[in-house]
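Reviewing the structure listed below.
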Amino acid sequence: MDWGLKNRLSRIIRPETGRTVMLAVDHGYFLGPTSGLEVPGETIKPLLSYADSLMLTRGVLRTSVPAEFNIPIVLRVSGGTSILHDDLSNEDITTSMEEAIRLNVSAVALSIFVGSAHEKETLTNLSKLVTQGVGYGIPVLAVTAVGREMTRDAKYLSLCCRIAAELGAHFIKTYYCENFEKVVETCPVPIVIAGGKKTPEKDALALAHNAISHGAVGVDMGRNIFQSDNPVGMIQAVRAIVHKNATVEEAYGLYEKAK
Ligand code: 5RP
C-alpha cells in the first residue's frame with residue numbers, strides 16, 4: 001500500500017489499538033434535516049474531541065466544522081437521490097477527488113447497493129473511485145447500503161463486503177448481524193459497523209460490543225450517538241468499548257455518569 005494512503009488510513013484506524021470510533025453525520029445527503037442534525041454544527045461541536053474521524057458531506061464540512069480543528073475527515077462522495085424515492089440506489093459520485101484533496105480529507109466514502117436496481121452503477125462507481133483514490137493516496141470506504149426489502153444477514157452482507165473488497169475498497173462499513181464473524185472472515189479488509197436506527201443506549205452499546213468481539217475494527221455510528229439524550233456520554237461509552245475493551249455494563253456506567 002502506498003505510504004500516503006497508509007498514512008491517511010492510520011489517522012482513521014488508530015495504530016495504538018487497531019480500532020476506530022468514526023462519528024457519522026452524513027445522513028442529510030439523502031434524508032435532509034434528520035432529527036438531531038437540524039443544525040449540524042451544534043450537534044458536531046461537543047462530540048469532535050471524542051471521535052477518531054468525522055464522516056460527512058462537503059457541504060456540512062465547509063459550513064459546520066471549524067477548519068482549525070484537526071480531525072480526520074471521511075468525506076461522503078456519493079449521492080443524488082432522496083428519501084422521497086422508493087429506490088435509493090440511483091447514486092452517482094458527487095464530489096471530485098481533487099476537491100476531496102483540497103478539503104484535506106483522510107478518506108472518501110461511497111455507498112454500494114448490491115441486489116438493487118442500480119447495483120452495476122454503484123459497483124462501477126466504487127471501482128472508479130478506488131482507481132482515483134489510489135492515484136492520489138486517498139483510501140476509499142465502501143458503505144454497504146441495504147434496501148428496505150433486503151435481509152441484513154451474514155450471507156447477504158458477506159456478499160456485499162467481499163465484492164466491495166474485491167473492487168478495491170480499503171475499508172468497509174456494514175451492519176452487524178448474526179454470525180458476523182463470517183462476514184469478517186471472508187472480507188480481506190477492515191470492517192466498521194453502522195449503528196442503525198436509534199435504539200435504547202444499552203442496546204446500542206451491546207451492538208458495538210458484539211461487533212468488536214466478532215472482529216469489527218470499530219464503529220461508524222451516527223443516530224445512536226447524536227439522537228441520544230446524552231450524546232457526549234454515549235460517544236465516551238462507545239470509545240471505551242472500542243478502544244479499551246470495556247464491557248457493556250462498564251460502558252453504560254460511563255454514559256450514565258456523564259448524564
Ligand atoms: C448512510 C450512512 C450513514 O452514515 C450511516 O448509516 C450512519 O450511521 P447510523 O446508522 O449509525 O446512524 O452511511 O448510508
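Labels used: A, B, ... for chains in the order of the C-alpha cells, numbers from 1 for residues in each chain, and numbers from 1 for ligands as shown.
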request  = Kindly compile the residues surrounding ligand 1 within 8 Å, counting only C-alpha atoms and all ligand atoms, and format them as a ChimeraX atom specification.
outcome  = /A:23-27,55-56,111,143-145,173,193-198,220-225
message = Using DSSP secondary structure from the backbone, list all strand (DSSP E) positions within segment 62-105 of chain A, as a PyMOL selection string.
response = chain A and resi 73-76+78-79+92-93
key: Length of the atom CA of Val74 of chain A to atom CA of Pro190 of chain A vector [Å]   = 15.1 Å
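Straight-line separation from atom CA of Asp229 of chain A to atom CA of Thr174 of chain A: 25.1 Å.
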message = Set the distance at 8 Å and use only C-alpha atoms: which residues neighbour Ser53 of chain A once local chain neighbours fewer than 4 positions away are removed? I'd like the list as a PyMOL selection string.
response = chain A and resi 12+21-23+71-74
request  = Work out how far atom CA of Leu103 of chain A is from atom CA of Gly80 of chain A, in Å to one decimal.
outcome  = 20.5 Å
request  = Give me every alpha helix (DSSP H) residue in segment 103-210 of chain A, going by DSSP on the backbone, as an MDAnalysis selection string.
outcome  = chainID A and resid 119:136 154:166 180:185 201:210
inquiry  = I'd like to know which of A:Val248, A:Leu31, A:Leu167, A:Ala216 is closest to Ile13 of chain A, using only C-alpha atoms.
reply    =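 With only C-alpha atoms as the atom set, the closest residue is A:Ala216.
Shortest atom-to-atom contact with Glu16 of chain A among A:Arg148, A:Gly79, A:Asp52, A:Val192: A:Asp52, counting only C-alpha atoms.
Residue nearest Leu110 of chain A, chosen from A:Arg62, A:Lys259, A:Arg239, A:Lys128 and counting only C-alpha atoms: A:Lys128.
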remark   = Counting only C-alpha atoms, closest pick from A:Val242, A:Ile212, A:Ala204, A:Ala67 relative to Ser228 of chain A is A:Ala204
